[in-house]
Every structure is written in C-alpha cells, then in structure tokens.
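Undergrad: Supplied structure: run05.cif, mmCIF, C-alpha atoms and all ligand atoms.
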```
data_query
#
loop_
_atom_site.group_PDB
_atom_site.id
_atom_site.type_symbol
_atom_site.label_atom_id
_atom_site.label_comp_id
_atom_site.auth_asym_id
_atom_site.auth_seq_id
_atom_site.Cartn_x
_atom_site.Cartn_y
_atom_site.Cartn_z
ATOM 1 C CA MET A 1 79.921 -22.360 52.105
ATOM 2 C CA ALA A 2 81.654 -25.667 52.790
ATOM 3 C CA SER A 3 79.682 -28.716 53.913
ATOM 4 C CA VAL A 4 80.746 -29.916 57.312
ATOM 5 C CA LYS A 5 80.194 -33.336 58.833
ATOM 6 C CA ARG A 6 77.919 -32.570 61.743
ATOM 7 C CA GLY A 7 78.851 -33.619 65.218
ATOM 8 C CA HIS A 8 75.987 -32.271 67.278
ATOM 9 C CA SER A 9 76.622 -34.174 70.457
ATOM 10 C CA PRO A 10 79.253 -36.441 71.906
ATOM 11 C CA GLU A 11 77.288 -39.421 70.510
ATOM 12 C CA ASN A 12 76.935 -37.765 67.110
ATOM 13 C CA VAL A 13 73.134 -37.650 67.284
ATOM 14 C CA TYR A 14 71.165 -35.428 64.925
ATOM 15 C CA HIS A 15 67.502 -34.464 65.309
ATOM 16 C CA ARG A 16 65.456 -33.520 62.287
ATOM 17 C CA GLY A 17 61.883 -32.843 63.337
ATOM 18 C CA PRO A 18 60.610 -36.019 64.963
ATOM 19 C CA ALA A 19 63.454 -38.101 63.493
ATOM 20 C CA THR A 20 66.591 -39.038 65.412
ATOM 21 C CA LEU A 21 69.591 -39.730 63.166
ATOM 22 C CA ARG A 22 72.859 -41.379 64.204
ATOM 23 C CA ARG A 23 76.171 -42.403 62.599
ATOM 24 C CA SER A 24 75.769 -42.834 58.809
ATOM 25 C CA GLN A 25 72.336 -41.168 58.908
ATOM 26 C CA VAL A 26 73.657 -37.857 60.196
ATOM 27 C CA PRO A 27 73.533 -35.409 57.270
ATOM 28 C CA SER A 28 76.613 -33.441 56.351
ATOM 29 C CA THR A 29 74.748 -30.121 56.210
ATOM 30 C CA THR A 30 71.831 -28.554 58.054
ATOM 31 C CA THR A 31 68.607 -27.437 56.423
ATOM 32 C CA ASP A 32 69.523 -23.828 57.187
ATOM 33 C CA GLN A 33 72.888 -24.242 55.513
ATOM 34 C CA ARG A 34 71.309 -25.631 52.375
ATOM 35 C CA LEU A 35 68.788 -22.795 52.339
ATOM 36 C CA LEU A 36 71.455 -20.121 52.667
ATOM 37 C CA GLU A 37 73.997 -21.716 50.358
ATOM 38 C CA GLY A 38 71.775 -22.859 47.611
ATOM 39 C CA ASN A 39 71.916 -21.452 44.184
ATOM 40 C CA ASP A 40 70.569 -24.372 42.186
ATOM 41 C CA GLY A 41 69.351 -22.293 39.283
ATOM 42 C CA ALA A 42 65.730 -21.351 38.832
ATOM 43 C CA SER A 43 64.218 -24.395 37.170
ATOM 44 C CA TRP A 44 62.500 -25.440 40.418
ATOM 45 C CA LEU A 45 60.305 -22.347 40.008
ATOM 46 C CA HIS A 46 58.513 -24.199 37.250
ATOM 47 C CA THR A 47 57.847 -27.421 39.100
ATOM 48 C CA ASP A 48 54.512 -28.570 40.501
ATOM 49 C CA PRO A 49 55.606 -28.656 44.164
ATOM 50 C CA TRP A 50 56.501 -24.990 43.942
ATOM 51 C CA ARG A 51 53.240 -24.252 42.118
ATOM 52 C CA VAL A 52 51.345 -25.910 44.954
ATOM 53 C CA LEU A 53 52.902 -23.413 47.346
ATOM 54 C CA ARG A 54 52.033 -20.511 45.051
ATOM 55 C CA ILE A 55 48.453 -21.769 44.804
ATOM 56 C CA GLN A 56 48.322 -22.079 48.565
ATOM 57 C CA SER A 57 49.624 -18.553 48.976
ATOM 58 C CA GLU A 58 46.993 -17.234 46.577
ATOM 59 C CA PHE A 59 44.296 -18.787 48.724
ATOM 60 C CA VAL A 60 45.905 -17.379 51.869
ATOM 61 C CA GLU A 61 46.183 -13.875 50.386
ATOM 62 C CA GLY A 62 42.681 -13.999 48.946
ATOM 63 C CA PHE A 63 41.068 -15.230 52.150
ATOM 64 C CA GLY A 64 43.052 -12.692 54.160
ATOM 65 C CA ALA A 65 42.045 -9.768 51.953
ATOM 66 C CA LEU A 66 38.362 -10.670 51.728
ATOM 67 C CA ALA A 67 37.521 -12.217 55.097
ATOM 68 C CA GLU A 68 36.295 -8.929 56.517
ATOM 69 C CA LEU A 69 34.633 -7.644 53.389
ATOM 70 C CA GLY A 70 31.097 -8.160 54.646
ATOM 71 C CA PRO A 71 28.195 -9.217 52.446
ATOM 72 C CA ALA A 72 28.847 -8.911 48.740
ATOM 73 C CA ILE A 73 27.370 -9.655 45.342
ATOM 74 C CA SER A 74 29.520 -10.711 42.372
ATOM 75 C CA VAL A 75 28.814 -9.202 38.972
ATOM 76 C CA PHE A 76 29.914 -10.745 35.672
ATOM 77 C CA GLY A 77 29.719 -9.621 32.099
ATOM 78 C CA SER A 78 31.703 -8.954 28.967
ATOM 79 C CA ALA A 79 35.184 -7.455 29.165
ATOM 80 C CA ARG A 80 34.532 -5.970 25.717
ATOM 81 C CA THR A 81 31.480 -3.801 26.366
ATOM 82 C CA PRO A 82 32.372 -0.228 25.369
ATOM 83 C CA ARG A 83 31.611 2.667 27.673
ATOM 84 C CA ASP A 84 28.984 4.099 25.357
ATOM 85 C CA HIS A 85 27.005 0.839 25.105
ATOM 86 C CA PRO A 86 23.637 0.500 26.896
ATOM 87 C CA THR A 87 24.930 -2.653 28.634
ATOM 88 C CA TYR A 88 27.680 -0.564 30.250
ATOM 89 C CA ASP A 89 24.985 1.708 31.629
ATOM 90 C CA LEU A 90 23.134 -1.330 32.933
ATOM 91 C CA GLY A 91 26.331 -2.424 34.678
ATOM 92 C CA VAL A 92 26.671 0.971 36.353
ATOM 93 C CA HIS A 93 23.104 0.679 37.624
ATOM 94 C CA VAL A 94 23.735 -2.822 38.934
ATOM 95 C CA GLY A 95 26.779 -1.597 40.880
ATOM 96 C CA ARG A 96 24.751 1.322 42.213
ATOM 97 C CA HIS A 97 21.875 -0.859 43.449
ATOM 98 C CA ILE A 98 24.300 -3.298 45.036
ATOM 99 C CA ALA A 99 25.944 -0.479 46.980
ATOM 100 C CA GLU A 100 22.606 1.033 47.970
ATOM 101 C CA ALA A 101 21.480 -2.353 49.289
ATOM 102 C CA GLY A 102 24.515 -2.362 51.580
ATOM 103 C CA TYR A 103 26.544 -4.960 49.704
ATOM 104 C CA ALA A 104 30.059 -4.822 48.364
ATOM 105 C CA CYS A 105 30.319 -5.244 44.597
ATOM 106 C CA ILE A 106 32.828 -7.860 43.418
ATOM 107 C CA THR A 107 33.877 -8.036 39.766
ATOM 108 C CA GLY A 108 36.775 -9.408 37.751
ATOM 109 C CA GLY A 109 38.317 -5.948 37.998
ATOM 110 C CA GLY A 110 38.724 -5.629 34.240
ATOM 111 C CA PRO A 111 37.168 -3.392 31.575
ATOM 112 C CA GLY A 112 33.641 -3.424 30.126
ATOM 113 C CA VAL A 113 30.832 -4.610 32.356
ATOM 114 C CA MET A 114 33.270 -5.207 35.232
ATOM 115 C CA GLU A 115 34.382 -1.589 35.131
ATOM 116 C CA ALA A 116 30.778 -0.402 34.840
ATOM 117 C CA ALA A 117 29.666 -2.253 37.972
ATOM 118 C CA ASN A 118 32.732 -1.077 39.918
ATOM 119 C CA LYS A 119 32.001 2.486 38.815
ATOM 120 C CA GLY A 120 28.378 2.310 39.951
ATOM 121 C CA ALA A 121 29.333 0.839 43.311
ATOM 122 C CA LEU A 122 32.100 3.363 43.924
ATOM 123 C CA GLU A 123 29.965 6.362 42.951
ATOM 124 C CA SER A 124 27.244 5.231 45.344
ATOM 125 C CA GLY A 125 29.618 4.944 48.267
ATOM 126 C CA GLY A 126 29.859 1.171 48.202
ATOM 127 C CA VAL A 127 32.848 -1.098 48.495
ATOM 128 C CA SER A 128 34.183 -1.740 44.999
ATOM 129 C CA VAL A 129 36.197 -4.931 44.669
ATOM 130 C CA GLY A 130 38.150 -6.231 41.669
ATOM 131 C CA LEU A 131 39.580 -9.735 41.496
ATOM 132 C CA GLY A 132 41.989 -9.442 38.589
ATOM 133 C CA ILE A 133 43.547 -12.297 36.668
ATOM 134 C CA GLU A 134 46.911 -12.664 35.008
ATOM 135 C CA LEU A 135 46.208 -12.913 31.281
ATOM 136 C CA PRO A 136 48.389 -12.654 28.186
ATOM 137 C CA PHE A 137 46.363 -9.575 27.191
ATOM 138 C CA GLU A 138 46.084 -8.174 30.669
ATOM 139 C CA THR A 139 44.503 -4.753 31.005
ATOM 140 C CA GLY A 140 45.104 -4.191 34.724
ATOM 141 C CA LEU A 141 42.511 -3.314 37.325
ATOM 142 C CA ASN A 142 40.030 -0.674 36.290
ATOM 143 C CA GLU A 143 40.252 2.715 37.980
ATOM 144 C CA PHE A 144 37.023 2.220 39.957
ATOM 145 C CA VAL A 145 38.361 -0.683 42.031
ATOM 146 C CA ASP A 146 39.128 0.245 45.639
ATOM 147 C CA LEU A 147 40.051 -3.205 46.866
ATOM 148 C CA GLY A 148 41.952 -5.107 44.206
ATOM 149 C CA ILE A 149 43.594 -8.526 44.302
ATOM 150 C CA ASN A 150 45.439 -10.053 41.376
ATOM 151 C CA PHE A 151 45.372 -13.793 40.861
ATOM 152 C CA ARG A 152 47.547 -16.106 38.803
ATOM 153 C CA TYR A 153 45.102 -18.993 38.846
ATOM 154 C CA PHE A 154 41.554 -18.846 37.525
ATOM 155 C CA PHE A 155 40.320 -21.548 39.871
ATOM 156 C CA VAL A 156 41.566 -19.722 42.972
ATOM 157 C CA ARG A 157 39.934 -16.498 41.806
ATOM 158 C CA LYS A 158 36.668 -18.321 41.043
ATOM 159 C CA THR A 159 36.597 -19.688 44.571
ATOM 160 C CA MET A 160 36.699 -16.088 45.842
ATOM 161 C CA PHE A 161 33.811 -14.967 43.627
ATOM 162 C CA ILE A 162 31.616 -17.659 45.131
ATOM 163 C CA LYS A 163 32.896 -17.809 48.681
ATOM 164 C CA TYR A 164 32.556 -14.104 49.384
ATOM 165 C CA ALA A 165 29.300 -13.417 47.509
ATOM 166 C CA GLU A 166 25.677 -13.911 48.415
ATOM 167 C CA GLY A 167 24.779 -14.407 44.777
ATOM 168 C CA PHE A 168 25.616 -13.530 41.186
ATOM 169 C CA VAL A 169 24.258 -10.925 38.816
ATOM 170 C CA VAL A 170 25.239 -11.775 35.252
ATOM 171 C CA LEU A 171 25.098 -9.335 32.364
ATOM 172 C CA PRO A 172 25.648 -10.173 28.701
ATOM 173 C CA GLY A 173 29.072 -11.666 28.156
ATOM 174 C CA GLY A 174 31.153 -14.185 26.256
ATOM 175 C CA MET A 175 33.179 -17.257 27.180
ATOM 176 C CA GLY A 176 34.492 -15.903 30.481
ATOM 177 C CA THR A 177 31.037 -14.873 31.621
ATOM 178 C CA LEU A 178 29.494 -18.170 30.510
ATOM 179 C CA ASP A 179 32.205 -20.060 32.367
ATOM 180 C CA GLU A 180 31.508 -18.134 35.575
ATOM 181 C CA LEU A 181 27.750 -18.526 35.135
ATOM 182 C CA PHE A 182 27.795 -22.268 34.509
ATOM 183 C CA GLU A 183 30.252 -22.948 37.282
ATOM 184 C CA ALA A 184 27.849 -21.317 39.728
ATOM 185 C CA ILE A 185 24.879 -23.196 38.270
ATOM 186 C CA THR A 186 26.786 -26.483 38.593
ATOM 187 C CA LEU A 187 27.721 -25.771 42.205
ATOM 188 C CA VAL A 188 24.084 -25.085 43.073
ATOM 189 C CA GLN A 189 22.823 -28.040 41.013
ATOM 190 C CA THR A 190 25.206 -30.413 42.783
ATOM 191 C CA GLN A 191 24.372 -28.845 46.164
ATOM 192 C CA LYS A 192 27.919 -27.693 46.797
ATOM 193 C CA ILE A 193 26.346 -24.363 47.659
ATOM 194 C CA SER A 194 22.823 -23.577 48.738
ATOM 195 C CA SER A 195 20.635 -20.464 48.673
ATOM 196 C CA PHE A 196 22.796 -18.914 46.014
ATOM 197 C CA PRO A 197 20.683 -16.787 43.669
ATOM 198 C CA ILE A 198 21.879 -16.360 40.101
ATOM 199 C CA VAL A 199 20.161 -13.596 38.171
ATOM 200 C CA LEU A 200 20.701 -12.866 34.493
ATOM 201 C CA ILE A 201 20.034 -9.362 33.194
ATOM 202 C CA GLY A 202 18.951 -8.882 29.595
ATOM 203 C CA SER A 203 16.263 -11.196 28.279
ATOM 204 C CA ASP A 204 17.136 -10.275 24.687
ATOM 205 C CA TYR A 205 20.586 -11.784 25.276
ATOM 206 C CA TRP A 206 19.863 -14.705 27.596
ATOM 207 C CA GLN A 207 16.380 -15.978 26.769
ATOM 208 C CA GLU A 208 17.454 -18.083 23.790
ATOM 209 C CA LEU A 209 20.095 -19.845 25.881
ATOM 210 C CA ILE A 210 17.548 -20.647 28.584
ATOM 211 C CA ASP A 211 15.049 -21.766 25.932
ATOM 212 C CA TRP A 212 17.695 -24.115 24.493
ATOM 213 C CA LEU A 213 18.269 -25.577 27.948
ATOM 214 C CA GLY A 214 14.517 -26.057 28.332
ATOM 215 C CA SER A 215 14.095 -27.681 24.923
ATOM 216 C CA THR A 216 17.235 -29.462 23.675
ATOM 217 C CA ALA A 217 19.050 -30.126 26.964
ATOM 218 C CA LEU A 218 15.912 -31.020 28.922
ATOM 219 C CA GLY A 219 14.461 -32.890 25.945
ATOM 220 C CA ARG A 220 17.514 -35.131 25.711
ATOM 221 C CA GLY A 221 17.616 -35.665 29.436
ATOM 222 C CA THR A 222 20.997 -34.040 30.075
ATOM 223 C CA ILE A 223 19.459 -31.719 32.661
ATOM 224 C CA GLY A 224 16.431 -32.047 34.934
ATOM 225 C CA GLU A 225 13.311 -29.899 35.064
ATOM 226 C CA ALA A 226 14.389 -28.432 38.409
ATOM 227 C CA ASP A 227 17.672 -27.213 36.902
ATOM 228 C CA LEU A 228 15.755 -24.693 34.846
ATOM 229 C CA SER A 229 14.788 -22.806 37.984
ATOM 230 C CA LEU A 230 18.392 -22.287 39.097
ATOM 231 C CA VAL A 231 18.605 -19.012 37.185
ATOM 232 C CA GLN A 232 16.203 -16.110 36.825
ATOM 233 C CA ILE A 233 16.099 -13.584 33.984
ATOM 234 C CA VAL A 234 15.112 -9.935 34.410
ATOM 235 C CA ASP A 235 15.678 -6.700 32.545
ATOM 236 C CA ASP A 236 15.706 -4.261 35.436
ATOM 237 C CA PRO A 237 18.940 -3.892 37.468
ATOM 238 C CA ALA A 238 17.035 -2.957 40.625
ATOM 239 C CA GLU A 239 14.964 -6.111 40.328
ATOM 240 C CA ALA A 240 18.078 -8.208 39.736
ATOM 241 C CA VAL A 241 19.726 -6.954 42.913
ATOM 242 C CA ALA A 242 16.478 -7.303 44.892
ATOM 243 C CA LEU A 243 16.186 -10.940 43.779
ATOM 244 C CA VAL A 244 19.738 -11.698 44.919
ATOM 245 C CA VAL A 245 19.166 -9.963 48.233
ATOM 246 C CA ALA A 246 15.883 -11.839 48.787
ATOM 247 C CA GLY A 247 17.431 -15.205 47.996
ATOM 248 C CA ALA A 248 20.751 -14.625 49.706
ATOM 249 C CA ARG A 249 22.201 -17.044 52.198
ATOM 250 C CA HIS A 250 21.723 -14.616 55.049
ATOM 251 C CA GLY A 251 18.267 -13.416 54.132
ATOM 252 C CA GLN A 252 17.644 -9.713 53.670
ATOM 253 C CA ASP A 253 19.924 -8.341 56.347
ATOM 254 C CA PRO A 254 23.463 -7.895 55.049
ATOM 255 C CA ALA A 255 24.768 -7.712 58.619
ATOM 256 C CA VAL A 256 23.690 -11.242 59.437
ATOM 257 C CA GLY A 257 26.324 -13.900 59.155
ATOM 258 C CA GLN A 258 29.352 -11.786 59.885
ATOM 259 C CA ASP A 259 30.240 -13.591 63.066
ATOM 260 C CA GLY A 260 31.603 -16.753 61.578
ATOM 261 C CA GLU A 261 28.402 -18.730 61.159
ATOM 262 C CA GLU A 262 28.284 -21.507 58.594
ATOM 263 C CA VAL A 263 27.386 -19.965 55.253
ATOM 264 C CA HIS A 264 27.683 -22.716 52.667
ATOM 265 C CA GLY A 265 25.532 -25.378 54.217
ATOM 266 C CA THR A 266 28.446 -27.790 54.604
ATOM 267 C CA SER A 267 29.109 -29.687 57.795
ATOM 268 C CA GLU A 268 32.102 -28.781 59.903
ATOM 269 C CA ALA A 269 33.767 -32.033 58.995
ATOM 270 C CA GLU A 270 33.632 -31.131 55.323
ATOM 271 C CA SER A 271 34.713 -27.509 55.583
HETATM 272 C C1 LIG A 301 39.439 -8.881 26.738
HETATM 273 C C2 LIG A 301 39.970 -7.687 27.474
HETATM 274 C C3 LIG A 301 40.437 -7.726 28.724
HETATM 275 C C4 LIG A 301 40.501 -8.949 29.546
HETATM 276 N N1 LIG A 301 40.593 -8.588 30.939
HETATM 277 C C5 LIG A 301 39.958 -9.235 31.912
HETATM 278 N N2 LIG A 301 40.191 -8.820 33.162
HETATM 279 C C6 LIG A 301 39.569 -9.414 34.176
HETATM 280 N N3 LIG A 301 38.660 -10.402 34.034
HETATM 281 C C7 LIG A 301 38.404 -10.840 32.796
HETATM 282 C C8 LIG A 301 39.040 -10.293 31.678
HETATM 283 N N4 LIG A 301 38.585 -10.941 30.587
HETATM 284 C C9 LIG A 301 37.696 -11.858 31.007
HETATM 285 N N5 LIG A 301 37.566 -11.812 32.347
HETATM 286 C C10 LIG A 301 36.661 -12.635 33.188
HETATM 287 O O1 LIG A 301 35.692 -13.273 32.369
HETATM 288 C C11 LIG A 301 34.482 -12.502 32.350
HETATM 289 C C12 LIG A 301 34.377 -11.742 31.054
HETATM 290 O O2 LIG A 301 34.731 -12.582 29.983
HETATM 291 P P1 LIG A 301 34.004 -12.383 28.574
HETATM 292 O O3 LIG A 301 34.565 -13.496 27.746
HETATM 293 O O4 LIG A 301 34.376 -11.037 28.074
HETATM 294 O O5 LIG A 301 32.553 -12.539 28.827
HETATM 295 C C13 LIG A 301 34.556 -11.480 33.459
HETATM 296 O O6 LIG A 301 33.445 -11.603 34.338
HETATM 297 C C14 LIG A 301 35.881 -11.762 34.152
HETATM 298 O O7 LIG A 301 35.755 -12.358 35.392
HETATM 299 C C15 LIG A 301 39.916 -6.363 26.805
HETATM 300 O O8 LIG A 301 39.093 -6.302 25.719
#
```
Go through the file and emit its structure as structure tokens.
Ligand SMILES: C/C(=C\CNc1ncnc2c1ncn2[C@@H]1O[C@H](COP(=O)(O)O)[C@@H](O)[C@H]1O)CO

TA:
Amino acid sequence: MASVKRGHSPENVYHRGPATLRRSQVPSTTTDQRLLEGNDGASWLHTDPWRVLRIQSEFVEGFGALAELGPAISVFGSARTPRDHPTYDLGVHVGRHIAEAGYACITGGGPGVMEAANKGALESGGVSVGLGIELPFETGLNEFVDLGINFRYFFVRKTMFIKYAEGFVVLPGGMGTLDELFEAITLVQTQKISSFPIVLIGSDYWQELIDWLGSTALGRGTIGEADLSLVQIVDDPAEAVALVVAGARHGQDPAVGQDGEEVHGTSEAES
C-alpha cells in the first residue's frame, strides 16, 4: 500500500489522540495504514515491549478465568512422585478433603503430587484447577484438571496461586515446591499477605528443614523467632486442610468474601 501525504482538512491539520499536528508534523501515513501494511518481519516478537503486552495478557486471562472460582486452597508437591508412592495417596486425600470442605483445589496442573490432589478433588465433586507452565520438558495438564490455564511466565502463575487461594498445603517436593513454599513464607513474613496459612504435610520430610531454620538460620540471626511460626507441620491430610480452613482469610465459611471485599489486607490505594 502506498504512503500518501495526508490532507485531512483544508488547513492540513492532523489529530493524533490529544495531539494536533500541522504542516511538517502531519505524518504521511495513518496508524491504521501502518497496521494493515506492515510486514516488518517477526523480530519485534522477541522484544521487551511486546513481552510486556504478553505478560499483561496473561494477567488478564488469569484474572478473568479465576475471578469467579470461589474459595480455594493451593496444593504443591513434587512433579516426580509416582502413582504408586504413599505421597501420591496423601495428595489424593488432600484434594478430597479440600473438596469436602467446599474449596476448589488449585495445583500446578502437572504430574505427581499435583495430579494426585486434582484427582482427589475431582473424585469428591470439587472444582479441580490446574495452572500449567510452559517448560522445556512440558508434560501438559493432567487428566484430572477441569479448569486449566497455561502460563508462559512463572511469576504470573505464582501470583494466581496466592491471589486465588486461602492458604497453601505443601507436600514433599523439590526445587519447584521449595520455591513456591518460600515465596509464600516471604510474602507473609513481609506482610504482603495476611492470614495466609501454610501447612506442610510429612514431618519425616520437612522436620529437618524446619529444625535447620530454628538452629542455623535463627542462630545466625538471618530470620526472627516469629518467622518459625509461619508454617505448621502435620502428617494427616484432614488436619492440614482443617488448619488452612481455620486460618483462612475469610474464616471458616468459604462463602464469605465472594462479594468483592478486600482480601489481602492492603489499602485501596495500594491495590
Ligand atoms: C518434572 C516433570 C514435569 C514437570 N511439569 C510440571 N508441570 C507443572 N508444574 C510443575 C512442573 N514441574 C514443576 N512444577 C511446579 O513446581 C512444583 C513441583 O516442582 P518439584 O521440583 O517437582 O518439587 C509444583 O508445585 C509446580 O507448581 C515430570 O517428571
């Protein structure tokens, strides 16, 4: 399409948003023309301004898909736990208790403990949510996810885990699980979120880590005494879910807080 010198009015005035352009400032093409003409290659796809828009759209899609979910609990744990492992069974029970308590069960949507919790929630008639992530070794959403969203960016996905959950239940897991656990602990420690229970299941797996925090980390002053009470450890999945429900932002009634009330303890100006 040829570029044409624009003559939009007898005085050759051009309006672009709030700007008025005359004479030498009048552009030779319109924005629409450039949009429709343009084939500038695809390198702009890999620029930060375009990434910002993709990040924005992930937030928009995530918020849109989860806004009406209702109260939920996020469950984390190893992607590598095989189906015949006792921890998988534990995950199924966690999902089941979450559903029976009237909460949706949010996981990373992958295999292992994530799949187990989704399975338990689905089989008990609950809402089973999987927030998948694009990975080089992607496995896709597990078959027990009923509401699935795939994310490109870890940090967007992590916002969803926190924003739409009343608390976390964390089963044995590796780097991914530890990352999710410590992000939540940090957010509570720094008062970015309040009344956000974090319950670890499996004292045989977690106790040593908590002991290390209480000895080495506390001993060297890198954490405070109060930080040790930000997580609880249990072995029973029913107890884990009950602790999250009891400490949840909206108290014990999952219906409370569905009418747009403030849930994160931030002021309106900050939100
Ligand atoms: C490693 C394998 C599959 C990876 N697929 C994943 N899908 C979704 N979410 C994942 C995946 N891997 C890690 N995560 C997230 O981290 C946590 C588990 O990580 P860990 O290192 O295994 O503890 C989990 O909660 C997810 O949110 C197939 O073997």

Undergrad: Using the chain letters and residue numbers of this document, give as a PyMOL selection string the residues selected by the PyMOL selection byres (((chain A and resi 91-108) around 7) and not hetatm).

TA: chain A and resi 71-76+87-90+109-110+113-114+116-121+124-132+237-238+241+254

Undergrad: Expand the PyMOL selection byres (((not hetatm)) within 6 of (chain A and resi 301)) into the individual residues it matches in the shown file, reporting them as a PyMOL selection string.

TA: chain A and resi 76-80+108-110+132-133+138-139+173-177

Undergrad: Find the spatial neighbours of A:Thr190, counting only C-alpha atoms, within a cut-off of 12 Å - ignore same-chain residues fewer than 6 positions away - and output them as a PyMOL selection string.

TA: chain A and resi 182-184+223-224+226-227+230

Undergrad: Could you please take those selected residues and save C-alpha atoms as a compact mmCIF listing (two decimals), keeping the file's coordinate frame?

TA:
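Final output, selection_1.txt:
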```
# COMPACT_ATOMS: atom_id res chain seq x y z
CA PHE A 182 27.80 -22.27 34.51
CA GLU A 183 30.25 -22.95 37.28
CA ALA A 184 27.85 -21.32 39.73
CA ILE A 223 19.46 -31.72 32.66
CA GLY A 224 16.43 -32.05 34.93
CA ALA A 226 14.39 -28.43 38.41
CA ASP A 227 17.67 -27.21 36.90
CA LEU A 230 18.39 -22.29 39.10
```

Undergrad: Taking 5 positions as the minimum chain separation for residues in the same chain, which residues sit within 8 Å of A:Gly167 when counting all atoms listed in the file? Answer as a CSV table (one decimal) with C-alpha atoms, keeping the file's coordinate frame.

TA:
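Here's the written file part.csv:
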```csv
chain,number,residue,atom,x,y,z
A,72,ALA,CA,28.8,-8.9,48.7
A,73,ILE,CA,27.4,-9.7,45.3
A,74,SER,CA,29.5,-10.7,42.4
A,162,ILE,CA,31.6,-17.7,45.1
A,196,PHE,CA,22.8,-18.9,46.0
A,197,PRO,CA,20.7,-16.8,43.7
A,198,ILE,CA,21.9,-16.4,40.1
A,244,VAL,CA,19.7,-11.7,44.9
A,245,VAL,CA,19.2,-10.0,48.2
A,248,ALA,CA,20.8,-14.6,49.7
```

Undergrad: Looking at A:Tyr153, A:Tyr205, A:Tyr164, A:Phe137, which one is nearest to A:Val52, with distances taken over only C-alpha atoms?

TA: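 Nearest to A:Val52: A:Tyr153.
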
Undergrad: At a cut-off of 10 Å, using all atoms listed in the file, what residues contact stretch 55-66 of chain A? Leave out same-chain residues fewer than 5 positions from it and give the result as a list in words.

TA: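 Those residues are Pro49, Trp50, Val129, Leu131, Leu147, Gly148, Ile149, Asn150, Phe151, Arg152, Tyr153, Phe155, Val156, Arg157, Thr159, Met160, Lys163 and Tyr164 of chain A.
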
Undergrad: Quick one, how far is atom CA of A:Glu115 from atom CA of A:Asp236?

TA: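 Atom-to-atom, atom CA of A:Glu115 to atom CA of A:Asp236, that is 18.9 Å.
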
Undergrad: Atom CA of A:Arg83 and atom CA of A:Leu122 are how many Å apart?

TA: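 Computed distance, atom CA of A:Arg83 to atom CA of A:Leu122, equals 16.3 Å.
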
Undergrad: To test your reading of the syntax: which residues would the PyMOL selection byres (((chain A and resi 202) around 10) and not hetatm) return for the file shown? Reply as a PDB file with C-alpha atoms, in the coordinates of the input.

TA:
```pdb
ATOM      1  CA  THR A  87      24.930  -2.653  28.634  1.00  0.00           C
ATOM      2  CA  LEU A  90      23.134  -1.330  32.933  1.00  0.00           C
ATOM      3  CA  VAL A 170      25.239 -11.775  35.252  1.00  0.00           C
ATOM      4  CA  LEU A 171      25.098  -9.335  32.364  1.00  0.00           C
ATOM      5  CA  PRO A 172      25.648 -10.173  28.701  1.00  0.00           C
ATOM      6  CA  VAL A 199      20.161 -13.596  38.171  1.00  0.00           C
ATOM      7  CA  LEU A 200      20.701 -12.866  34.493  1.00  0.00           C
ATOM      8  CA  ILE A 201      20.034  -9.362  33.194  1.00  0.00           C
ATOM      9  CA  SER A 203      16.263 -11.196  28.279  1.00  0.00           C
ATOM     10  CA  ASP A 204      17.136 -10.275  24.687  1.00  0.00           C
ATOM     11  CA  TYR A 205      20.586 -11.784  25.276  1.00  0.00           C
ATOM     12  CA  TRP A 206      19.863 -14.705  27.596  1.00  0.00           C
ATOM     13  CA  GLN A 207      16.380 -15.978  26.769  1.00  0.00           C
ATOM     14  CA  ILE A 233      16.099 -13.584  33.984  1.00  0.00           C
ATOM     15  CA  VAL A 234      15.112  -9.935  34.410  1.00  0.00           C
ATOM     16  CA  ASP A 235      15.678  -6.700  32.545  1.00  0.00           C
ATOM     17  CA  ASP A 236      15.706  -4.261  35.436  1.00  0.00           C
ATOM     18  CA  PRO A 237      18.940  -3.892  37.468  1.00  0.00           C
TER      19      PRO A 237
END
```

Undergrad: Please, what distance in Å, to one decimal, runs between atom CA of A:Lys158 and atom CA of A:Asp211?

TA: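 These two atoms are separated by 26.6 Å.
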